[in-house]
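Encoded as structure tokens, the structure appears first; notes follow it.
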Protein chains: 2
Amino acid sequence: MKPVAIVGVGKTAFGAFADKSILDLAVEAGRKCLENARAAPEQVEAFYLGNFAGPSFVGQNHLAPYVGAALGIEGAPCTRFEAACASSGSAFFHAFSAVAGGVYEMVLVAGVEKMTSQPTARVTEILASAGDLGGEVKAGATFPSMFAMIARRHMHEFGTRREHLAAVAVKNHANGAKNPDAHMRKTITLEQALAGRMIADPLTIYDCSLVSDGAAAVLLCAAERAGEFTTKPIRVLGVAQASDRLALAEKKDITTFPALRRAAAKAYQMARLEPREIDLAELHDCFTIAEIIAMEDLGFVPRGEGGPAVASGFSALSGEKPINTSGGLKTKGHPVGATGVGQLCDLALQLRCEAGERQVARASVGLAQNLGGSGATCVVTILGR
Amino acid sequence: MKPVAIVGVGKTAFGAFADKSILDLAVEAGRKCLENARAAPEQVEAFYLGNFAGPSFVGQNHLAPYVGAALGIEGAPCTRFEAACASSGSAFFHAFSAVAGGVYEMVLVAGVEKMTSQPTARVTEILASAGDLGGEVKAGATFPSMFAMIARRHMHEFGTRREHLAAVAVKNHANGAKNPDAHMRKTITLEQALAGRMIADPLTIYDCSLVSDGAAAVLLCAAERAGEFTTKPIRVLGVAQASDRLALAEKKDITTFPALRRAAAKAYQMARLEPREIDLAELHDCFTIAEIIAMEDLGFVPRGEGGPAVASGFSALSGEKPINTSGGLKTKGHPVGATGVGQLCDLALQLRCEAGERQVARASVGLAQNLGGSGATCVVTILGR
């Protein structure tokens, strides 16, 4: 396996953009990324696009050559990857493998989603198509209700409290307020989070991530050529994707994500790093409980201790291990197909010391974790400068 | 790049199966493939699934871990690839690259589509989502009408006649009648084909492929390990994927597919073979005109001479270069996401001399060509025994 580097990053702001199409968003992120690396589209040998549900949200399938041609990447293989909320994490994993395996020297990876043109009820229905349709979803389950069950069980098993969930929201709001590209830039108090409108008990509106439009892109290249494009290459130290069953009902224990643990173990092994050596992380906080479980499954804290750790400031911007310095899915926004690559863009900015007001002092090694559905796909990526 | 072999094939019959879900179909093909190679699901290191529009046809996204878990491939990365009608051709291309690049030694590649649960008008609408939605499709174009325009232009440029189109249908019906897994097993006469109900002038119902349910799978493995699984490994001599613009209106010449030409050039180069060295081929006859153009773009015949070549028997089962001995998309059926891998299964059967009544005498090297949309994605694969 050849060493691989990220040599360019580009993203749109995340938010609700009535005047931008899915094509506009993807092209904006792709162009910014190529410009960031001073690379020409003709140099891109393959285009990997993560998109969850373009066909359902905006009616467009076959999106990869559509975006690729608009970017000027004509001729090269352009492929769409779908793995629910981990779609662009998965695209990145496969692109990395291709460059590491010597298939290509330069690959553009992007993710995009355009969600806000649909009413909320329809958005919830489209998102539910990532679950076990014939079983749970048919019975009425939606992702808020599934993660509410996960949260309840975590509370039951480990004594996690609503205050712990709310602490995740308060932290991510504080971080998002410092991110000019975030969908929602406002701080909240613990009291506000606890008093939020109940969505699926114990999850209030403040425990749920946002429905957003957005796109993000990174340019991957064989590390030996990185100097042609940037003075600040970001090394991909480890990346792994793993799977699990779709249905929550088929899992032995819903307070942990086996796919996350598998992907993490492989990524740590590839990077030859241990959890304590990770300086900061972007975790998939589709719901606040997901960030707490991810901290535990990644080995940042022992099982059951995620909630108290967040409440203690462990994962705050100035804490021991800053988590979601971008604001996370909670406030940066969660344009589903863009989220995985978006996390990598935010990590890369930290590792390049370009994260502005939210810059972390010690940022040498960062980890991103991107989850699909209620855990059936997980991608873990470790980047270093 | 390491040599790669197909060591197992498995497919469902193609047809209308009201009693089989998309999961049933994919699992049936996957199990048959693993049994064919006497491989255990635990040996599969990654699962690549081509599916065009499961979310639109049956409401299910996140299909790869869903199928993977049901097959017992738990934990390994399971990913869905979408590239319109070339979805599983694209999955195969990426899987090949991963094995050739040394990322994995054993990968299961499958394709699946469940189409017949939707009424025809909705099927046409879903298929159209692979076209340029904001432009042509908004203006009312569907794929039959787009390929009708392509056919008309080919007639205008080269003197191709309706009898030539009909000759493709007659040939593929004759072949499909010999295929026990084909959706439609009946021979037709030239007169019948010409008198078919007009769908989009000059294309009659006999010029259009079928709306089908079905799944297909192949097991890919590093060639050095092929002997563990089969005495008849099929070597992947060359494979390439290329892209083009979605909109027909943006193309300089609609009587040729640049993505097909690019993919073919790369695949021939990788295989170190010339068109005349291909013994037989499975071509993407979504419409009869597409088979004629593919013959030309692949260099089997000079440009404009595809129609007369078919009419002369050049591509018949007993002809110089048999094409679509399976019956093609026209009569074997076209469960969109399954088509690319289905072609490879059929080629592999020929190369193993297991094609029964439709076996071709000289079958050492076969080519498959899988097209997405009106040509925006194309995958060309060359297999040898």
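By order in the structure tokens, chains are A, B, ...; within a chain, residues start at 1; ligands start at 1, following the order shown.
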I'd like the neighbourhood of range 71-76 of chain A as a PyMOL selection string, where a residue qualifies if any of its atoms comes within 12 Å (using only C-alpha atoms), though same-chain residues fewer than 3 positions away should be ignored.
(chain A and resi 23-35+39-48+64-68+79+104+106-108+110) or (chain B and resi 240-246+257-263+265-266+375-379)
As a PyMOL selection string, please: all residues of range 224-345 of chain A that backbone DSSP puts in helix (DSSP H, G or I).
chain A and resi 224-228+248-250+258-271+275-277+288-297+306-311+328-331+336-345
Env of Met198 in chain A: 12 Å cut, atoms = only C-alpha atoms, seq-sep filter 2 positions within chain, self excluded. Answer as number ranges by chain.
A: 144-145, 148, 162, 193-196, 200-208
Members of range 86-267 of chain B assigned strand (DSSP E or B) by DSSP, as an NGL selection string:
:B and (106-114 or 198-200 or 203-204 or 208 or 211 or 213-222 or 234-243)
Export of prior selection with N, CA, C and O atoms as a compact mmCIF listing (two decimals), in the first residue's frame:
```
# COMPACT_ATOMS: atom_id res chain seq x y z
N MET B 106 -10.27 -11.40 -1.97
CA MET B 106 -11.54 -12.02 -2.34
C MET B 106 -12.71 -11.07 -2.14
O MET B 106 -12.93 -10.58 -1.02
N VAL B 107 -13.44 -10.80 -3.22
CA VAL B 107 -14.52 -9.84 -3.19
C VAL B 107 -15.75 -10.41 -3.89
O VAL B 107 -15.63 -11.00 -4.97
N LEU B 108 -16.90 -10.25 -3.27
CA LEU B 108 -18.16 -10.63 -3.92
C LEU B 108 -18.77 -9.39 -4.57
O LEU B 108 -18.88 -8.35 -3.92
N VAL B 109 -19.12 -9.52 -5.83
CA VAL B 109 -19.75 -8.42 -6.55
C VAL B 109 -21.12 -8.89 -7.01
O VAL B 109 -21.24 -9.95 -7.63
N ALA B 110 -22.14 -8.11 -6.71
CA ALA B 110 -23.49 -8.49 -7.14
C ALA B 110 -24.21 -7.29 -7.71
O ALA B 110 -23.77 -6.15 -7.56
N GLY B 111 -25.29 -7.58 -8.40
CA GLY B 111 -26.17 -6.52 -8.90
C GLY B 111 -27.59 -6.99 -8.71
O GLY B 111 -27.87 -8.19 -8.80
N VAL B 112 -28.48 -6.06 -8.43
CA VAL B 112 -29.89 -6.45 -8.22
C VAL B 112 -30.82 -5.30 -8.60
O VAL B 112 -30.46 -4.13 -8.48
N GLU B 113 -32.00 -5.66 -9.10
CA GLU B 113 -33.07 -4.69 -9.28
C GLU B 113 -34.40 -5.40 -9.18
O GLU B 113 -34.53 -6.56 -9.61
N LYS B 114 -35.36 -4.73 -8.58
CA LYS B 114 -36.73 -5.25 -8.44
C LYS B 114 -37.62 -4.17 -9.03
O LYS B 114 -37.85 -3.14 -8.41
N MET B 198 -45.72 0.60 -32.12
CA MET B 198 -44.72 1.67 -32.13
C MET B 198 -44.63 2.29 -30.73
O MET B 198 -45.64 2.65 -30.13
N ILE B 199 -43.39 2.41 -30.19
CA ILE B 199 -43.20 3.02 -28.87
C ILE B 199 -42.69 4.44 -29.05
O ILE B 199 -43.24 5.40 -28.49
N ALA B 200 -41.62 4.60 -29.82
CA ALA B 200 -41.07 5.93 -30.13
C ALA B 200 -40.43 5.75 -31.50
O ALA B 200 -39.39 5.10 -31.61
N LEU B 203 -38.65 3.07 -33.07
CA LEU B 203 -38.53 1.90 -32.20
C LEU B 203 -39.89 1.30 -31.84
O LEU B 203 -40.73 1.98 -31.24
N THR B 204 -40.08 0.04 -32.18
CA THR B 204 -41.31 -0.65 -31.79
C THR B 204 -41.06 -1.36 -30.46
O THR B 204 -39.94 -1.35 -29.93
N CYS B 208 -37.28 -2.60 -27.81
CA CYS B 208 -37.04 -2.17 -26.42
C CYS B 208 -36.77 -3.38 -25.53
O CYS B 208 -37.39 -4.43 -25.68
N VAL B 211 -38.62 -4.91 -18.78
CA VAL B 211 -38.63 -4.47 -17.38
C VAL B 211 -38.68 -5.74 -16.53
O VAL B 211 -39.64 -6.50 -16.62
N ASP B 213 -37.22 -8.24 -12.92
CA ASP B 213 -36.63 -8.41 -11.60
C ASP B 213 -35.48 -9.41 -11.77
O ASP B 213 -35.58 -10.34 -12.56
N GLY B 214 -34.44 -9.26 -10.98
CA GLY B 214 -33.37 -10.25 -11.05
C GLY B 214 -32.11 -9.81 -10.34
O GLY B 214 -31.99 -8.64 -9.92
N ALA B 215 -31.21 -10.75 -10.16
CA ALA B 215 -29.94 -10.47 -9.50
C ALA B 215 -28.87 -11.40 -10.06
O ALA B 215 -29.18 -12.48 -10.59
N ALA B 216 -27.63 -10.98 -9.96
CA ALA B 216 -26.50 -11.78 -10.45
C ALA B 216 -25.29 -11.47 -9.59
O ALA B 216 -25.19 -10.38 -9.00
N ALA B 217 -24.38 -12.42 -9.49
CA ALA B 217 -23.19 -12.23 -8.65
C ALA B 217 -22.00 -12.97 -9.22
O ALA B 217 -22.15 -14.03 -9.84
N VAL B 218 -20.82 -12.41 -9.02
CA VAL B 218 -19.57 -13.10 -9.34
C VAL B 218 -18.62 -12.95 -8.16
O VAL B 218 -18.66 -11.96 -7.43
N LEU B 219 -17.80 -13.97 -7.96
CA LEU B 219 -16.80 -13.93 -6.90
C LEU B 219 -15.45 -13.69 -7.55
O LEU B 219 -15.02 -14.47 -8.40
N LEU B 220 -14.81 -12.58 -7.15
CA LEU B 220 -13.50 -12.21 -7.70
C LEU B 220 -12.42 -12.60 -6.71
O LEU B 220 -12.59 -12.44 -5.51
N CYS B 221 -11.29 -13.04 -7.24
CA CYS B 221 -10.22 -13.44 -6.33
C CYS B 221 -8.87 -13.24 -7.00
O CYS B 221 -8.76 -13.22 -8.23
N ALA B 222 -7.85 -13.01 -6.20
CA ALA B 222 -6.49 -12.91 -6.74
C ALA B 222 -6.22 -14.20 -7.50
O ALA B 222 -6.42 -15.30 -6.97
N ILE B 234 -11.94 -17.96 -14.56
CA ILE B 234 -12.05 -17.07 -15.72
C ILE B 234 -11.19 -15.85 -15.43
O ILE B 234 -11.39 -15.17 -14.42
N ARG B 235 -10.25 -15.58 -16.28
CA ARG B 235 -9.34 -14.45 -16.05
C ARG B 235 -9.97 -13.13 -16.50
O ARG B 235 -10.60 -13.06 -17.56
N VAL B 236 -9.78 -12.10 -15.69
CA VAL B 236 -10.22 -10.77 -16.10
C VAL B 236 -9.05 -10.14 -16.84
O VAL B 236 -8.06 -9.73 -16.24
N LEU B 237 -9.16 -10.08 -18.16
CA LEU B 237 -8.02 -9.63 -18.98
C LEU B 237 -7.95 -8.10 -19.05
O LEU B 237 -6.87 -7.54 -19.18
N GLY B 238 -9.11 -7.47 -18.97
CA GLY B 238 -9.13 -6.01 -19.05
C GLY B 238 -10.48 -5.50 -18.60
O GLY B 238 -11.50 -6.17 -18.81
N VAL B 239 -10.50 -4.34 -17.95
CA VAL B 239 -11.79 -3.72 -17.59
C VAL B 239 -11.56 -2.23 -17.41
O VAL B 239 -10.54 -1.80 -16.87
N ALA B 240 -12.50 -1.44 -17.91
CA ALA B 240 -12.39 0.02 -17.78
C ALA B 240 -13.77 0.64 -17.72
O ALA B 240 -14.73 0.12 -18.30
N GLN B 241 -13.84 1.73 -16.97
CA GLN B 241 -15.09 2.51 -16.89
C GLN B 241 -14.77 3.92 -17.37
O GLN B 241 -13.71 4.47 -17.05
N ALA B 242 -15.66 4.50 -18.13
CA ALA B 242 -15.47 5.88 -18.58
C ALA B 242 -16.79 6.62 -18.53
O ALA B 242 -17.86 6.01 -18.45
N SER B 243 -16.71 7.96 -18.57
CA SER B 243 -17.90 8.80 -18.42
C SER B 243 -18.05 9.78 -19.57
O SER B 243 -17.13 10.00 -20.35
```
List the neighbours of His173 in chain B out to 9 Å using only C-alpha atoms; skip same-chain residues closer than 5 positions along the sequence, and give me the result as a list in words.
Val168, Lys178, Met184, Arg185, Lys186, Thr187, Ile188, Gly327, Gly328, Lys330, Thr331 and Lys332 of chain B
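Closest to Glu354 in chain B among B:Gly101, B:Leu367, B:Lys232, B:His154 is B:Lys232, based on only C-alpha atoms.
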note - CA of Gln343 in chain B and CA of Leu133 in chain B are separated by 28.1 Å
Using only C-alpha atoms, which protein or nucleic acid residues come within 8 Å of range 299-309 of chain A? Drop anything in the same chain fewer than 6 positions from it, and give the result as a JSON list (two decimals) with N, CA and C atoms, in the first residue's frame.
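Now in selection-v6.json:
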```json
[["chain", "number", "residue", "atom", "x", "y", "z"],
["A", 154, "HIS", "N", -29.01, 3.23, 26.94],
["A", 154, "HIS", "CA", -27.73, 3.70, 27.47],
["A", 154, "HIS", "C", -27.93, 4.31, 28.87],
["A", 157, "GLU", "N", -28.51, 1.32, 31.25],
["A", 157, "GLU", "CA", -27.32, 0.49, 31.50],
["A", 157, "GLU", "C", -26.26, 1.22, 32.31],
["A", 158, "PHE", "N", -26.07, 2.51, 31.99],
["A", 158, "PHE", "CA", -24.88, 3.20, 32.51],
["A", 158, "PHE", "C", -25.19, 4.43, 33.36],
["A", 159, "GLY", "N", -26.46, 4.75, 33.52],
["A", 159, "GLY", "CA", -26.80, 5.92, 34.32],
["A", 159, "GLY", "C", -26.61, 7.24, 33.59],
["A", 160, "THR", "N", -26.48, 7.16, 32.27],
["A", 160, "THR", "CA", -26.37, 8.39, 31.47],
["A", 160, "THR", "C", -27.64, 9.22, 31.70],
["A", 161, "ARG", "N", -27.47, 10.54, 31.80],
["A", 161, "ARG", "CA", -28.62, 11.40, 32.11],
["A", 161, "ARG", "C", -28.91, 12.38, 30.98],
["A", 164, "HIS", "N", -26.38, 14.91, 30.35],
["A", 164, "HIS", "CA", -25.19, 14.52, 29.57],
["A", 164, "HIS", "C", -25.45, 14.72, 28.08],
["A", 165, "LEU", "N", -26.64, 14.29, 27.64],
["A", 165, "LEU", "CA", -26.99, 14.50, 26.23],
["A", 165, "LEU", "C", -26.98, 16.00, 25.92],
["A", 275, "PRO", "N", -6.01, 5.16, 20.84],
["A", 275, "PRO", "CA", -7.00, 6.22, 21.05],
["A", 275, "PRO", "C", -6.43, 7.45, 21.76],
["A", 276, "ARG", "N", -5.55, 7.22, 22.75],
["A", 276, "ARG", "CA", -5.02, 8.38, 23.50],
["A", 276, "ARG", "C", -4.14, 9.27, 22.64],
["A", 292, "ILE", "N", -21.82, 10.35, 22.17],
["A", 292, "ILE", "CA", -21.40, 9.72, 23.43],
["A", 292, "ILE", "C", -20.98, 8.27, 23.19],
["A", 293, "ILE", "N", -21.78, 7.54, 22.42],
["A", 293, "ILE", "CA", -21.43, 6.13, 22.14],
["A", 293, "ILE", "C", -20.16, 6.06, 21.30],
["A", 315, "SER", "N", -14.25, 16.98, 26.15],
["A", 315, "SER", "CA", -14.28, 17.09, 24.69],
["A", 315, "SER", "C", -14.56, 18.51, 24.19]]
```
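Residue nearest Gln118 in chain B within the list B:Ala16, B:Met155, B:Cys78, B:Ala182: B:Ala16 [criterion: smallest interatomic distance, only C-alpha atoms].
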Counting only C-alpha atoms, closest pick from A:Val9, A:Ile278, A:Met149, A:Ala247 relative to chain B is A:Ala247
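CA of Gly50 in chain B sits 18.6 Å away from CA of Ser97 in chain A.
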